[in-house]
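Reading through the structure tokens given below for one structure.
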Amino acid sequence: MSLPLLVVILGPTGSGKTALSLRLAEQMHGEIVSCDSVAVYREFEIGTAKPSHSDRQRVPHHLIDVAGPMEVVTAGDYSRLARQVLRDIAARGRLPIVVGGSGLYLRALLEGLFAGPPRSEELRTRLRERATKRGAEYLHKLLRRVDPAAAQTTHANDVPKVVRALEVSISARAPMTDLWQQGRDPLSDFNILRIGLNPERPALYERINQRAREMFSEGLVEETERLAAQYPSAWPLSSLGYKQALQHLRGELSLEQAIQAAQQGHRNYAKRQLTWFRREQNVHWITGFGSEKAVQKKAEDLVAAQA
RNA sequence: GCACAGGUGACCGAGUGGUUAAUGGUAGCAGACUGUAAAUCUGCCGCUCUCAGGAGCUACGGAGGUUCGAAUCCUCCCCUGUGCA
């Protein structure tokens, strides 16, 4: 109970995490730490649904716009950055509020990752090439030799994960699964309160549809065109919304088709997020959107009970 | 009104006498996830039971018919698209 409090707000896109976090931050003297794998990139504005500039004026926000469009911020990078920020906030006597939509990044922050070898781009491309040339099954067989346990739990079709397991096992000269045995490095110097937002599914999907459409009317296509011209290989260009806007710019989809595809993608994503977060331990789930007064009240009570 | 083309499970779309509750895809639901994760992958998916091996029921626009057997063939009807009037 002597550890400083850390509030974590999690939930699918469109569940009102931003609204709730702003409210809590203003009530409890807090600062917001974004946990969003795309909002870390500068210049990607409309499609990322970052908090508005006036919101960021009202309450200090962290880990938004911390990387250039061409940089790469991995879960490990994020975890290190976020931990530093959390300690700074706590040292200032403020309440850190992590707002998380990116499940893996949140887990990397809270539970830590295993101490793996650095990624080897060259090894990866070599493996990926083999996968396309000789089939996913071939790569999986290779993994069965190098790390049978990992092969057991990773489906052969899941090429990215098979590649990662191979990459780690080969460059570490030991099965990745063995490295996992050494454990993770959980964030241990905070008393963590997890609040999950879970609106009714139909309402959530409706909200998502509406928001995705708004992104287009606010100029997502124009923003994408500008970014694609300047940074054609930027990774966030392949993320939700930008991907569909790009398809429209290339003439593969009509504007309406692009909007509907983006809505679809966001809905599917929200569902995956829920699957991930449901497994998260010790989450205080609240049914409803973070913008609702009743939901905010419940959240405030939860925080007050801890503080 | 005539001539073609077509009506298949939530949607798109295969299937042209039997091993077809009906290939695929999408949506939906559930699950996995240890450094690009807004990514990637897996399962279920007509209804009702189930000793989980199966059992029963209802289904390919509608109604009849042919056949041992029909989504598939025939007749009539309804609807949709295109062309000609």
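Starting from 1 in every chain, residues are counted up; chains themselves are A, B, ... following the order of the structure tokens, and ligands are numbered from 1 as listed.
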Pull the closest atom pair for each residue of chain B that gets at most 9 Å from chain A, along with the distance in Å to one decimal, counting only C-alpha atoms (C1' of nucleotides), ordering rows by chain and then ascending residue number, as a Markdown table.
```
| residue | atom | partner | partner_atom | distance |
| --- | --- | --- | --- | --- |
| B:A30 | C1' | A:Thr275 | CA | 8.7 |
| B:G31 | C1' | A:Thr275 | CA | 7.7 |
| B:A32 | C1' | A:Thr154 | CA | 8.7 |
| B:C33 | C1' | A:Trp276 | CA | 8.2 |
| B:U34 | C1' | A:Leu113 | CA | 5.2 |
| B:G35 | C1' | A:Gly76 | CA | 4.7 |
| B:U36 | C1' | A:Thr74 | CA | 6.2 |
| B:A37 | C1' | A:Leu104 | CA | 6.4 |
| B:A38 | C1' | A:Leu240 | CA | 5.0 |
| B:A39 | C1' | A:Ser239 | CA | 8.5 |
| B:U40 | C1' | A:Asp158 | CA | 6.0 |
| B:C41 | C1' | A:Asp158 | CA | 4.7 |
| B:U42 | C1' | A:His155 | CA | 7.5 |
```
Check your understanding: Hey, what's within 8 Å of region 286-301 of chain A if we count only C-alpha atoms (C1' of nucleotides) and toss same-chain stuff fewer than 5 positions away? As a ChimeraX atom specification, please?
Key -> /A:15-20,23-24,195-200
Could you write those residues out with N, CA and C atoms, as a tab-separated table (two decimals), in the first residue's frame?
```tsv
chain	number	residue	atom	x	y	z
A	15	SER	N	-14.16	3.04	-27.14
A	15	SER	CA	-14.88	2.77	-25.90
A	15	SER	C	-14.86	3.98	-24.96
A	16	GLY	N	-14.17	5.03	-25.39
A	16	GLY	CA	-14.18	6.24	-24.57
A	16	GLY	C	-13.06	6.32	-23.54
A	17	LYS	N	-11.94	5.68	-23.86
A	17	LYS	CA	-10.80	5.72	-22.94
A	17	LYS	C	-10.30	7.15	-22.74
A	18	THR	N	-10.24	7.88	-23.85
A	18	THR	CA	-9.72	9.25	-23.78
A	18	THR	C	-10.58	10.12	-22.87
A	19	ALA	N	-11.89	10.05	-23.07
A	19	ALA	CA	-12.79	10.86	-22.26
A	19	ALA	C	-12.64	10.53	-20.78
A	20	LEU	N	-12.59	9.26	-20.47
A	20	LEU	CA	-12.46	8.86	-19.07
A	20	LEU	C	-11.12	9.29	-18.48
A	23	ARG	N	-11.03	12.99	-17.67
A	23	ARG	CA	-11.85	13.24	-16.49
A	23	ARG	C	-11.06	12.87	-15.22
A	24	LEU	N	-10.52	11.66	-15.22
A	24	LEU	CA	-9.78	11.20	-14.04
A	24	LEU	C	-8.56	12.07	-13.78
A	195	ILE	N	-8.67	-0.59	-14.94
A	195	ILE	CA	-10.08	-0.33	-15.21
A	195	ILE	C	-10.36	-0.64	-16.68
A	196	GLY	N	-11.29	-1.54	-16.93
A	196	GLY	CA	-11.61	-1.91	-18.31
A	196	GLY	C	-12.94	-1.35	-18.75
A	197	LEU	N	-12.97	-0.77	-19.93
A	197	LEU	CA	-14.22	-0.26	-20.48
A	197	LEU	C	-14.79	-1.27	-21.46
A	198	ASN	N	-16.04	-1.63	-21.25
A	198	ASN	CA	-16.67	-2.63	-22.10
A	198	ASN	C	-18.10	-2.25	-22.44
A	199	PRO	N	-18.26	-1.39	-23.47
A	199	PRO	CA	-19.61	-0.99	-23.85
A	199	PRO	C	-20.34	-2.17	-24.49
A	200	GLU	N	-21.65	-2.07	-24.58
A	200	GLU	CA	-22.43	-3.12	-25.25
A	200	GLU	C	-21.92	-3.20	-26.68
```
Check your understanding: Residues of region 13-97 of chain A in helix (DSSP H, G or I) according to DSSP, as JSON, numbers by chain?
Key -> {"A": [17, 18, 19, 20, 21, 22, 23, 24, 25, 26, 27, 28, 46, 47, 48, 53, 54, 55, 56, 57, 58, 75, 76, 77, 78, 79, 80, 81, 82, 83, 84, 85, 86, 87, 88, 89, 90, 91]}
Written selection (C-alpha atoms) as a PDB file, in the first residue's frame:
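File result.pdb, as written:
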```pdb
ATOM      1  CA  LYS A  17     -10.804   5.718 -22.938  1.00  0.00           C
ATOM      2  CA  THR A  18      -9.718   9.252 -23.777  1.00  0.00           C
ATOM      3  CA  ALA A  19     -12.790  10.859 -22.258  1.00  0.00           C
ATOM      4  CA  LEU A  20     -12.456   8.861 -19.069  1.00  0.00           C
ATOM      5  CA  SER A  21      -8.744   9.482 -18.757  1.00  0.00           C
ATOM      6  CA  LEU A  22      -9.174  13.241 -19.124  1.00  0.00           C
ATOM      7  CA  ARG A  23     -11.849  13.243 -16.491  1.00  0.00           C
ATOM      8  CA  LEU A  24      -9.783  11.198 -14.040  1.00  0.00           C
ATOM      9  CA  ALA A  25      -6.653  13.212 -14.688  1.00  0.00           C
ATOM     10  CA  GLU A  26      -8.450  16.460 -13.919  1.00  0.00           C
ATOM     11  CA  GLN A  27     -10.092  15.051 -10.813  1.00  0.00           C
ATOM     12  CA  MET A  28      -7.063  13.348  -9.360  1.00  0.00           C
ATOM     13  CA  ILE A  46      -6.588  12.087 -38.067  1.00  0.00           C
ATOM     14  CA  GLY A  47      -6.411   8.315 -38.391  1.00  0.00           C
ATOM     15  CA  THR A  48      -4.936   7.791 -34.950  1.00  0.00           C
ATOM     16  CA  HIS A  53      -4.433  19.618 -28.844  1.00  0.00           C
ATOM     17  CA  SER A  54      -6.685  21.439 -26.438  1.00  0.00           C
ATOM     18  CA  ASP A  55      -7.065  18.249 -24.401  1.00  0.00           C
ATOM     19  CA  ARG A  56      -3.332  17.912 -24.344  1.00  0.00           C
ATOM     20  CA  GLN A  57      -3.157  21.499 -23.149  1.00  0.00           C
ATOM     21  CA  ARG A  58      -5.484  20.751 -20.279  1.00  0.00           C
ATOM     22  CA  ALA A  75       6.813  -3.091 -27.759  1.00  0.00           C
ATOM     23  CA  GLY A  76      10.181  -3.200 -26.020  1.00  0.00           C
ATOM     24  CA  ASP A  77      11.010   0.386 -26.971  1.00  0.00           C
ATOM     25  CA  TYR A  78       7.639   1.482 -25.744  1.00  0.00           C
ATOM     26  CA  SER A  79       7.992  -0.365 -22.473  1.00  0.00           C
ATOM     27  CA  ARG A  80      11.315   1.290 -21.681  1.00  0.00           C
ATOM     28  CA  LEU A  81      10.086   4.754 -22.574  1.00  0.00           C
ATOM     29  CA  ALA A  82       6.887   4.342 -20.616  1.00  0.00           C
ATOM     30  CA  ARG A  83       8.569   3.070 -17.475  1.00  0.00           C
ATOM     31  CA  GLN A  84      10.833   6.081 -17.406  1.00  0.00           C
ATOM     32  CA  VAL A  85       7.875   8.402 -17.867  1.00  0.00           C
ATOM     33  CA  LEU A  86       5.908   6.672 -15.115  1.00  0.00           C
ATOM     34  CA  ARG A  87       8.732   7.109 -12.645  1.00  0.00           C
ATOM     35  CA  ASP A  88       9.058  10.772 -13.533  1.00  0.00           C
ATOM     36  CA  ILE A  89       5.367  11.365 -13.001  1.00  0.00           C
ATOM     37  CA  ALA A  90       5.363   9.542  -9.690  1.00  0.00           C
ATOM     38  CA  ALA A  91       8.443  11.482  -8.604  1.00  0.00           C
TER      39      ALA A  91
END
```
Review point. Which is closer to Ala172 (chain A) than all the others in A:Glu43, A:Phe190, A:Ser120, A:Pro148, using only C-alpha atoms?
Key: A:Ser120
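Residues in contact range of region 61-74 of chain B, defined as at most 7 Å between only C-alpha atoms (C1' of nucleotides), with sequence neighbours fewer than 2 positions away removed, read B:G7, B:U8, B:U16, B:G17, B:G18, B:C78.
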Write a file of the selected residues as an mmCIF file, in the first residue's frame, keeping C-alpha atoms (C1' of nucleotides).
```cif
data_model
loop_
_atom_site.group_PDB
_atom_site.id
_atom_site.type_symbol
_atom_site.label_atom_id
_atom_site.label_comp_id
_atom_site.auth_asym_id
_atom_site.auth_seq_id
_atom_site.Cartn_x
_atom_site.Cartn_y
_atom_site.Cartn_z
ATOM 1 C "C1'" G B 7 -33.709 -16.411 -58.089
ATOM 2 C "C1'" U B 8 -28.892 -21.128 -53.217
ATOM 3 C "C1'" U B 16 -26.491 -28.974 -62.739
ATOM 4 C "C1'" G B 17 -29.680 -36.521 -60.553
ATOM 5 C "C1'" G B 18 -27.014 -39.793 -55.379
ATOM 6 C "C1'" C B 78 -44.414 -15.338 -58.269
#
```
Practice item. For G6 (chain B), list every protein, DNA or RNA residue within 12 Å, evaluated using only C-alpha atoms (C1' of nucleotides), and leave out those in the same chain fewer than 4 positions away; present the list as a PyMOL selection string. Key: chain B and resi 61+79-82
Keeping only C-alpha atoms (C1' of nucleotides), write the selected residues as a PDB file, in the first residue's frame.
```
ATOM      1  C1'   G B  61     -38.290 -18.277 -54.786  1.00  0.00           C
ATOM      2  C1'   C B  79     -40.176 -12.045 -58.293  1.00  0.00           C
ATOM      3  C1'   U B  80     -35.463  -9.572 -60.305  1.00  0.00           C
ATOM      4  C1'   G B  81     -32.123  -7.864 -64.351  1.00  0.00           C
ATOM      5  C1'   U B  82     -31.212  -6.939 -69.537  1.00  0.00           C
TER       6        U B  82
END
```
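Between CA of Lys133 (chain A) and CA of Leu166 (chain A) there is a distance of 16.8 Å.
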